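Peer 1: Sharing structure_31.cif below, mmCIF, C-alpha atoms:
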```cif
data_structure
#
loop_
_atom_site.label_atom_id
_atom_site.label_comp_id
_atom_site.auth_asym_id
_atom_site.auth_seq_id
_atom_site.Cartn_x
_atom_site.Cartn_y
_atom_site.Cartn_z
CA MET A 14 101.23 39.20 152.77
CA ARG A 15 99.11 37.93 149.88
CA ARG A 16 96.58 40.72 150.40
CA THR A 17 99.38 43.28 150.32
CA ARG A 18 100.69 41.93 147.02
CA LEU A 19 97.21 41.90 145.48
CA ALA A 20 96.40 45.41 146.65
CA PHE A 21 99.71 46.72 145.40
CA ALA A 22 99.26 45.11 141.99
CA LEU A 23 95.68 46.37 141.74
CA VAL A 24 96.61 49.98 142.40
CA LEU A 25 99.39 49.82 139.82
CA CYS A 26 97.02 48.37 137.21
CA VAL A 27 94.27 50.91 137.92
CA GLY A 28 96.82 53.75 137.99
CA ALA A 29 98.26 52.64 134.65
CA ALA A 30 94.89 53.12 133.05
CA LEU A 31 94.56 56.65 134.45
CA ALA A 32 98.07 58.12 134.41
CA GLN A 33 99.53 58.30 130.92
CA PRO A 34 103.11 59.41 130.14
CA ASP A 35 101.91 62.93 129.34
CA ALA A 36 99.97 63.35 132.60
CA ALA A 37 100.49 66.58 134.52
CA PRO A 38 103.61 66.60 136.69
CA ASN A 39 103.11 65.80 140.39
CA SER A 40 99.45 64.85 139.79
CA GLN A 41 99.52 61.20 140.80
CA PRO A 42 98.28 59.96 144.20
CA ASN A 43 100.58 59.02 147.07
CA PRO A 44 99.49 55.64 148.50
CA TYR A 45 102.58 55.27 150.73
CA ARG A 46 103.26 55.85 154.42
CA THR A 47 106.71 57.05 155.49
CA ILE A 48 108.71 55.24 158.18
CA GLU A 49 111.80 56.93 159.56
CA ASN A 50 114.56 55.79 161.94
CA TRP A 51 113.85 52.11 161.34
CA ALA A 52 117.49 51.07 160.70
CA ARG A 53 119.67 51.10 163.80
CA MET A 54 123.31 52.19 163.55
CA PRO A 55 125.96 50.82 165.93
CA GLU A 56 126.35 52.65 169.23
CA GLY A 57 128.40 55.82 168.82
CA ARG A 58 127.87 56.09 165.07
CA THR A 59 125.42 58.32 163.24
CA TRP A 60 124.20 58.26 159.66
CA GLY A 61 126.17 60.10 157.03
CA SER A 62 125.03 60.88 153.52
CA THR A 63 123.63 57.79 151.81
CA SER A 64 123.12 57.75 148.06
CA SER A 65 122.35 54.11 147.29
CA VAL A 66 120.48 51.10 148.61
CA ASP A 67 119.64 47.61 147.31
CA LEU A 68 118.14 44.31 148.44
CA ASP A 69 119.61 40.83 148.35
CA ARG A 70 117.69 37.65 147.52
CA ASP A 71 116.94 37.06 151.22
CA GLY A 72 115.29 40.45 151.59
CA ASN A 73 118.13 42.06 153.51
CA ILE A 74 118.90 45.72 152.85
CA TRP A 75 122.37 46.87 151.78
CA VAL A 76 123.37 50.52 151.92
CA ALA A 77 126.54 52.55 151.39
CA ASP A 78 126.99 55.32 153.97
CA ARG A 79 129.65 58.04 153.60
CA CYS A 80 131.25 57.39 156.96
CA GLY A 81 129.05 59.68 159.05
CA ALA A 82 129.70 62.66 156.75
CA ASN A 83 129.57 63.25 152.99
CA ASN A 84 132.83 61.46 152.20
CA CYS A 85 135.08 58.79 153.71
CA ALA A 86 138.46 60.50 153.19
CA GLY A 87 140.65 59.88 156.22
CA LYS A 88 137.96 57.88 158.00
CA MET A 89 137.92 54.21 159.01
CA ASP A 90 134.19 53.61 159.34
CA ALA A 91 132.81 50.65 157.42
CA PRO A 92 130.66 52.28 154.72
CA VAL A 93 129.00 49.12 153.34
CA MET A 94 126.28 47.87 155.68
CA LYS A 95 123.73 45.08 155.66
CA PHE A 96 120.48 45.35 157.64
CA ASP A 97 117.64 42.90 158.11
CA PRO A 98 114.08 44.11 157.36
CA ALA A 99 113.58 44.96 161.03
CA GLY A 100 116.55 47.36 160.95
CA LYS A 101 119.16 45.25 162.75
CA LEU A 102 122.72 45.68 161.46
CA LEU A 103 124.00 42.27 160.33
CA LYS A 104 127.30 43.06 158.65
CA SER A 105 129.58 45.92 157.61
CA PHE A 106 132.84 46.19 155.68
CA GLY A 107 134.94 48.39 153.38
CA GLU A 108 136.94 50.34 155.94
CA GLY A 109 139.60 52.56 154.37
CA LEU A 110 138.76 51.60 150.76
CA PHE A 111 136.58 54.50 149.63
CA ILE A 112 136.51 58.25 149.17
CA PHE A 113 132.93 58.81 148.02
CA PRO A 114 130.65 55.75 147.92
CA HIS A 115 128.07 56.66 145.30
CA ASP A 116 126.24 53.56 144.06
CA LEU A 117 125.66 50.09 145.52
CA VAL A 118 124.16 47.15 143.63
CA VAL A 119 123.53 43.53 144.66
CA ASP A 120 123.80 41.16 141.69
CA ARG A 121 121.87 37.93 141.15
CA ALA A 122 124.58 35.86 142.82
CA GLY A 123 124.50 38.04 145.93
CA ASN A 124 127.75 39.90 145.24
CA ILE A 125 127.93 43.56 146.23
CA TRP A 126 129.10 46.21 143.74
CA VAL A 127 130.11 49.66 144.99
CA VAL A 128 131.05 52.70 142.91
CA ASP A 129 133.57 55.16 144.37
CA GLY A 130 132.61 58.41 142.68
CA GLN A 131 135.51 60.70 143.55
CA GLY A 132 139.28 60.40 143.84
CA ARG A 133 142.09 61.63 146.07
CA GLU A 134 144.90 60.27 148.21
CA GLY A 135 145.47 57.40 145.77
CA LYS A 136 141.88 56.15 146.07
CA GLY A 137 138.64 56.50 144.14
CA HIS A 138 137.35 56.60 140.55
CA GLN A 139 136.76 52.86 140.80
CA VAL A 140 134.11 50.14 140.86
CA PHE A 141 134.48 47.28 143.36
CA LYS A 142 132.87 43.85 143.35
CA PHE A 143 132.68 42.21 146.79
CA SER A 144 131.56 38.83 147.98
CA PRO A 145 128.72 39.00 150.54
CA ASP A 146 131.40 38.64 153.23
CA GLY A 147 133.36 41.65 152.00
CA LYS A 148 136.14 40.01 150.00
CA VAL A 149 137.22 42.06 146.97
CA LEU A 150 136.56 39.93 143.88
CA LEU A 151 137.09 42.45 141.07
CA THR A 152 138.13 46.08 140.66
CA LEU A 153 137.55 48.32 137.65
CA GLY A 154 139.41 51.59 137.12
CA LYS A 155 142.74 52.81 138.47
CA ALA A 156 142.85 53.91 142.09
CA GLY A 157 142.88 57.69 142.35
CA VAL A 158 143.36 58.18 138.59
CA ALA A 159 140.78 60.18 136.61
CA GLY A 160 140.67 59.45 132.88
CA ASP A 161 138.57 58.55 129.88
CA GLY A 162 140.41 55.46 128.68
CA ASN A 163 139.35 51.83 128.58
CA ASP A 164 140.59 51.24 132.12
CA THR A 165 139.94 54.60 133.80
CA PHE A 166 136.91 56.57 134.96
CA ASN A 167 136.31 60.18 135.91
CA GLN A 168 133.78 60.34 138.74
CA PRO A 169 131.74 57.23 137.89
CA SER A 170 128.18 57.38 139.18
CA ALA A 171 126.55 53.97 138.79
CA VAL A 172 126.95 50.32 137.86
CA ALA A 173 124.48 47.71 136.56
CA ILE A 174 124.97 43.99 135.92
CA ALA A 175 123.21 42.41 132.94
CA PRO A 176 121.65 38.93 133.23
CA ASP A 177 124.64 37.42 131.38
CA GLY A 178 127.09 39.09 133.77
CA ASP A 179 128.23 41.94 131.53
CA ILE A 180 129.05 45.08 133.51
CA PHE A 181 127.80 48.56 132.64
CA VAL A 182 129.23 51.69 134.29
CA ALA A 183 127.75 55.18 134.07
CA ASP A 184 130.91 57.27 133.97
CA GLY A 185 130.65 60.94 134.88
CA HIS A 186 129.00 63.24 137.39
CA GLY A 187 128.65 66.54 135.58
CA GLY A 188 131.08 69.42 135.33
CA ASN A 189 134.44 68.60 133.80
CA THR A 190 134.04 64.82 134.09
CA ASN A 191 133.05 62.09 131.64
CA ALA A 192 129.58 61.57 130.17
CA ARG A 193 129.45 58.02 128.83
CA ILE A 194 128.45 54.42 129.38
CA VAL A 195 131.27 51.85 129.57
CA LYS A 196 130.62 48.14 128.99
CA PHE A 197 132.79 45.28 130.27
CA SER A 198 132.53 41.52 130.19
CA LYS A 199 131.85 39.72 133.45
CA ASP A 200 135.60 39.27 134.04
CA GLY A 201 136.24 43.01 133.64
CA THR A 202 137.48 43.01 130.04
CA PHE A 203 136.63 46.24 128.23
CA ILE A 204 134.06 45.81 125.44
CA LYS A 205 132.92 49.26 124.34
CA THR A 206 131.85 52.74 125.34
CA TRP A 207 129.23 55.16 124.04
CA GLY A 208 127.98 58.67 124.67
CA LYS A 209 129.46 62.10 125.17
CA LYS A 210 128.58 65.36 126.89
CA GLY A 211 125.54 66.98 125.31
CA THR A 212 121.78 67.21 125.06
CA ALA A 213 121.13 65.38 121.78
CA PRO A 214 119.68 61.84 121.71
CA GLY A 215 122.32 59.39 122.94
CA GLU A 216 124.35 62.12 124.65
CA PHE A 217 124.50 62.64 128.42
CA ASP A 218 124.84 65.27 131.10
CA THR A 219 125.40 63.40 134.36
CA PRO A 220 124.46 59.77 133.64
CA HIS A 221 123.60 59.23 137.30
CA THR A 222 121.80 55.88 137.52
CA LEU A 223 121.36 52.60 135.62
CA ALA A 224 118.80 49.79 135.64
CA PHE A 225 117.68 46.86 133.47
CA ASP A 226 114.10 45.86 132.74
CA SER A 227 112.88 42.29 132.13
CA LYS A 228 113.70 42.61 128.41
CA GLY A 229 117.32 43.49 129.14
CA ARG A 230 116.91 47.12 128.07
CA LEU A 231 119.30 49.50 129.81
CA PHE A 232 117.64 52.52 131.44
CA VAL A 233 120.02 55.46 131.95
CA GLY A 234 119.05 58.32 134.24
CA ASP A 235 120.40 61.29 132.27
CA ARG A 236 119.88 63.56 135.23
CA ALA A 237 120.97 67.04 134.14
CA ASN A 238 119.03 66.55 130.90
CA ASN A 239 115.87 65.75 132.89
CA ARG A 240 115.23 62.46 131.12
CA ILE A 241 115.62 58.71 131.04
CA GLN A 242 117.22 57.27 127.93
CA ILE A 243 116.63 53.59 127.13
CA PHE A 244 119.24 51.60 125.18
CA THR A 245 119.98 48.14 123.89
CA GLN A 246 123.00 46.55 125.54
CA ASP A 247 125.00 47.48 122.44
CA GLY A 248 124.22 51.16 122.88
CA ALA A 249 121.41 51.68 120.37
CA LEU A 250 118.94 54.29 121.61
CA LEU A 251 115.37 52.99 121.84
CA GLU A 252 113.36 55.61 123.71
CA GLU A 253 113.53 58.86 125.68
CA TRP A 254 111.21 59.46 128.65
CA LYS A 255 110.72 62.75 130.47
CA GLN A 256 107.59 61.91 132.50
CA PHE A 257 109.63 60.60 135.47
CA SER A 258 111.23 64.03 135.92
CA ARG A 259 114.91 64.51 136.85
CA PRO A 260 116.24 61.03 137.70
CA SER A 261 118.76 60.54 140.50
CA ALA A 262 117.91 56.84 140.92
CA ILE A 263 116.07 54.21 138.90
CA PHE A 264 115.01 50.83 140.27
CA ILE A 265 113.03 48.29 138.22
CA ASP A 266 111.61 45.21 139.93
CA ARG A 267 110.98 41.77 138.42
CA ASN A 268 107.46 42.79 137.40
CA ASP A 269 108.74 45.83 135.50
CA VAL A 270 107.44 48.29 138.05
CA ILE A 271 109.79 51.27 137.81
CA TYR A 272 110.71 53.55 140.71
CA VAL A 273 112.44 56.86 139.95
CA SER A 274 113.67 59.42 142.45
CA ASP A 275 114.03 63.12 141.71
CA SER A 276 116.20 64.84 144.33
CA GLU A 277 117.05 68.03 142.45
CA SER A 278 114.20 69.67 140.49
CA ARG A 279 113.46 73.25 141.48
CA GLU A 280 112.00 76.46 140.07
CA LYS A 281 115.16 78.44 140.82
CA GLU A 282 117.35 79.36 137.87
CA GLY A 283 120.68 77.54 137.63
CA TYR A 284 121.46 74.03 138.76
CA GLY A 285 118.41 71.81 139.02
CA HIS A 286 116.17 74.25 137.13
CA HIS A 287 113.15 72.17 136.11
CA PRO A 288 110.07 74.35 136.45
CA GLY A 289 106.77 72.71 137.25
CA TRP A 290 108.28 69.50 138.61
CA LYS A 291 108.52 68.63 142.30
CA ARG A 292 111.09 66.46 144.01
CA GLY A 293 110.05 63.02 145.13
CA ILE A 294 109.66 59.40 144.05
CA ARG A 295 107.58 58.44 141.00
CA VAL A 296 106.32 54.88 140.55
CA GLY A 297 105.02 53.47 137.28
CA SER A 298 105.51 50.96 134.49
CA ALA A 299 108.78 50.24 132.72
CA LYS A 300 106.74 48.60 129.95
CA ASP A 301 104.74 51.58 128.74
CA GLY A 302 106.03 54.55 130.73
CA THR A 303 102.89 55.32 132.71
CA VAL A 304 103.35 57.07 136.05
CA THR A 305 100.99 55.76 138.72
CA SER A 306 102.14 57.20 142.05
CA PHE A 307 104.09 60.18 143.35
CA ILE A 308 105.65 60.40 146.83
CA PRO A 309 106.58 64.06 147.36
CA ASP A 310 109.80 65.09 149.09
CA THR A 311 108.92 66.62 152.46
CA TYR A 312 112.10 68.67 152.90
CA VAL A 313 111.04 72.10 154.15
CA THR A 314 113.06 74.33 151.81
CA PRO A 315 113.88 72.38 148.62
CA GLU A 316 114.44 75.58 146.62
CA ALA A 317 117.34 76.50 148.90
CA SER A 318 119.09 73.14 148.54
CA ALA A 319 120.75 71.62 145.47
CA THR A 320 119.56 68.19 146.60
CA SER A 321 117.07 66.74 149.06
CA GLY A 322 115.02 63.61 149.43
CA SER A 323 115.77 60.28 147.81
CA GLU A 324 118.95 59.76 145.77
CA GLY A 325 118.95 55.97 145.99
CA LEU A 326 116.07 53.51 145.67
CA ALA A 327 115.20 49.86 146.07
CA ALA A 328 111.85 48.08 146.36
CA ASP A 329 110.86 44.60 147.50
CA GLY A 330 107.96 44.11 145.07
CA LYS A 331 105.53 43.70 147.99
CA GLY A 332 104.79 47.37 148.53
CA THR A 333 107.86 48.63 150.40
CA ILE A 334 110.32 51.17 148.99
CA TYR A 335 113.70 51.91 150.58
CA SER A 336 115.13 55.39 150.08
CA ALA A 337 118.73 56.58 150.65
CA GLU A 338 119.11 60.30 151.27
CA VAL A 339 122.19 62.50 150.98
CA GLN A 340 120.90 65.81 152.36
CA GLN A 341 118.85 64.36 155.21
CA LYS A 342 121.46 61.66 155.96
CA SER A 343 118.90 58.94 156.42
CA LEU A 344 117.53 55.65 155.15
CA LYS A 345 113.74 55.88 154.91
CA LYS A 346 111.12 53.25 154.25
CA TYR A 347 107.86 53.84 152.35
CA VAL A 348 105.12 51.28 152.90
CA PHE A 349 102.19 50.89 150.52
CA VAL A 350 98.84 51.34 152.23
CA GLN A 351 95.48 50.55 150.68
CA LYS A 352 93.15 53.52 150.45
#
```
Any chance you could put this one into structure tokens?
Peer 2:
Amino acid sequence: MRRTRLAFALVLCVGAALAQPDAAPNSQPNPYRTIENWARMPEGRTWGSTSSVDLDRDGNIWVADRCGANNCAGKMDAPVMKFDPAGKLLKSFGEGLFIFPHDLVVDRAGNIWVVDGQGREGKGHQVFKFSPDGKVLLTLGKAGVAGDGNDTFNQPSAVAIAPDGDIFVADGHGGNTNARIVKFSKDGTFIKTWGKKGTAPGEFDTPHTLAFDSKGRLFVGDRANNRIQIFTQDGALLEEWKQFSRPSAIFIDRNDVIYVSDSESREKEGYGHHPGWKRGIRVGSAKDGTVTSFIPDTYVTPEASATSGSEGLAADGKGTIYSAEVQQKSLKKYVFVQK
């Protein structure tokens, strides 16, 4: 275990010296081995689309599955699942609560936050906070109601919890939805909102993912603008990064290693047009923006698909990355190997 940590840290340090923010796209090495089919579903159930994954303080893996399909409408599968590192299912809950589970986050206290990114049948457009046993502790948004007020969302995409407990929601998923960040206190009281649809600094087009670094800076994956925007917790723009490509997910570990998944870039005109950039997972530094590793998406025909590969990410800080996939309907594991 200690050798793994040391090797992983060494590669990141060496890579940081070689791969600057303006390095050529897709040029970094891939020091990871892919492991598939490691998490075992209950008998009679198959994986649906999965767009988010996170780890708890005991190293267990939490994932939100869309009920064996790409939504949970009319289904009674339990979409929130907890696996141990060996892939054994330990717990599941959330039956009948969701339409479109989109983001899942485990906070420092072990509570589970799930974003329901669509709405119909009197459900959706909400953010839920659960205890580890599945008890609903807090709900943000109005069930089934799309809006842009202080207590409504329109296709929220992500949630992040600040060290002091404040709640940040990325509200909007492109098209005719919202494009903003909404901030609440830890008890769910509205504090403020910022951002609007656009391409200028501080504006968004599909704010798809959120993460905090060790300094408390908020990283926003502004996906359709092919960039990460970094803010203070009051909404002041600090930096814009484009070297991590088109971000569907951002995960930052306690050592400020940043993991960013791109599930949409393609040469084809139209949606996802991002010439020269390949889909995959980029690993680097949240401190200075260097990109050290690139795990390419292995989907056979990415140009023919609007999305493929990783949409959700988590990492254990010891060299293992967990990847949730919508198109492939799988939960992959990438293990760092010394070369």
Peer 1: Can you spell out as a list in words the set of residues that the PyMOL selection byres ((chain A and resi 97) around 12) selects in the structure I just provided?
Peer 2: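 With the PyMOL selection byres ((chain A and resi 97) around 12) on this model, the match is Trp51, Ala52, Arg53, Asp67, Leu68, Asp69, Arg70, Asp71, Gly72, Asn73, Ile74, Trp75, Val76, Met94, Lys95, Phe96, Pro98, Ala99, Gly100, Lys101, Leu102, Leu103 and Lys104 of chain A.
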Peer 1: Can you tell me which residues surround region 175-184 of chain A at a distance of at most 6 Å, considering all atoms listed in the file, apart from same-chain residues fewer than 4 positions away, and format the answer as a ChimeraX atom specification?
Peer 2: /A:169-171,191-199,220
Peer 1: Determine the residue membership of the PyMOL selection byres ((chain A and resi 332-349) around 8) for the file above and supply it as a PyMOL selection string.
Peer 2: chain A and resi 17-18+21+44-52+60-66+76+83+320-331+350-351
Peer 1: Set the distance at 7 Å and use all atoms listed in the file: which residues neighbour Glu253 (chain A) once local chain neighbours fewer than 4 positions away are removed? I'd like the list as a tab-separated table (two decimals) with C-alpha atoms, in the frame of the given file.
Peer 2:
```tsv
chain	number	residue	atom	x	y	z
A	240	ARG	CA	115.23	62.46	131.12
A	241	ILE	CA	115.62	58.71	131.04
A	242	GLN	CA	117.22	57.27	127.93
A	243	ILE	CA	116.63	53.59	127.13
```
Peer 1: List the neighbours of Ala237 (chain A) out to 12 Å using only C-alpha atoms; skip same-chain residues closer than 6 positions along the sequence, and give me the result as a ChimeraX atom specification.
Peer 2: /A:185-188,192,210-212,216-222,255,258-261,275-278,283-287
Peer 1: Report, in Å to a single decimal, how far apart CA of Ser227 (chain A) and CA of Gln256 (chain A) are.
Peer 2: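 According to the coordinates, CA of Gln256 (chain A) and CA of Ser227 (chain A) are separated by 20.3 Å.
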Peer 1: Identify the residues around (135.9, 61.9, 133.1) within a radius of 6 Å, measuring from all atoms listed in the file in the coordinates stated by the file, and give them as a ChimeraX atom specification.
Peer 2: /A:160-161,166-167,185,190-191
Peer 1: Between A:Val127, A:Val158, A:Ile308, A:Ala319, which one has atoms that come closest to Ser274 (chain A), using all atoms listed in the file?
Peer 2: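 Nearest to Ser274 (chain A): A:Ile308.
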Peer 1: What separation in Å, quoted to one decimal, exists between CA of Cys85 (chain A) and CA of Ile112 (chain A)?
Peer 2: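 Going from CA of Cys85 (chain A) over to CA of Ile112 (chain A) covers 4.8 Å.
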Peer 1: Can you translate the PyMOL selection byres ((chain A and resi 130) around 6) into the concrete residues it hits in this file, as a short mmCIF file (atom, residue, chain, number, x, y, z; two decimals) with C-alpha atoms, in the coordinates of the input?
Peer 2:
```cif
data_model
loop_
_atom_site.label_atom_id
_atom_site.label_comp_id
_atom_site.auth_asym_id
_atom_site.auth_seq_id
_atom_site.Cartn_x
_atom_site.Cartn_y
_atom_site.Cartn_z
CA PHE A 113 132.93 58.81 148.02
CA HIS A 115 128.07 56.66 145.30
CA VAL A 128 131.05 52.70 142.91
CA ASP A 129 133.57 55.16 144.37
CA GLN A 131 135.51 60.70 143.55
CA HIS A 138 137.35 56.60 140.55
CA GLN A 168 133.78 60.34 138.74
CA PRO A 169 131.74 57.23 137.89
CA SER A 170 128.18 57.38 139.18
#
```
Peer 1: Suppose you want the space between CA of Tyr272 (chain A) and CA of Phe111 (chain A); what is it in Å?
Peer 2: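 Taking CA of Tyr272 (chain A) as the start and CA of Phe111 (chain A) as the end point, the length is 27.4 Å.
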Peer 1: Fewer than 6 positions away in the same chain doesn't count, so skip those; otherwise give me all residues within 6 Å of Arg295 (chain A), counting all atoms listed in the file, as a list in words.
Peer 2: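 Within the cut-off, the hits are Tyr272, Val273, Ser306 and Phe307 of chain A.
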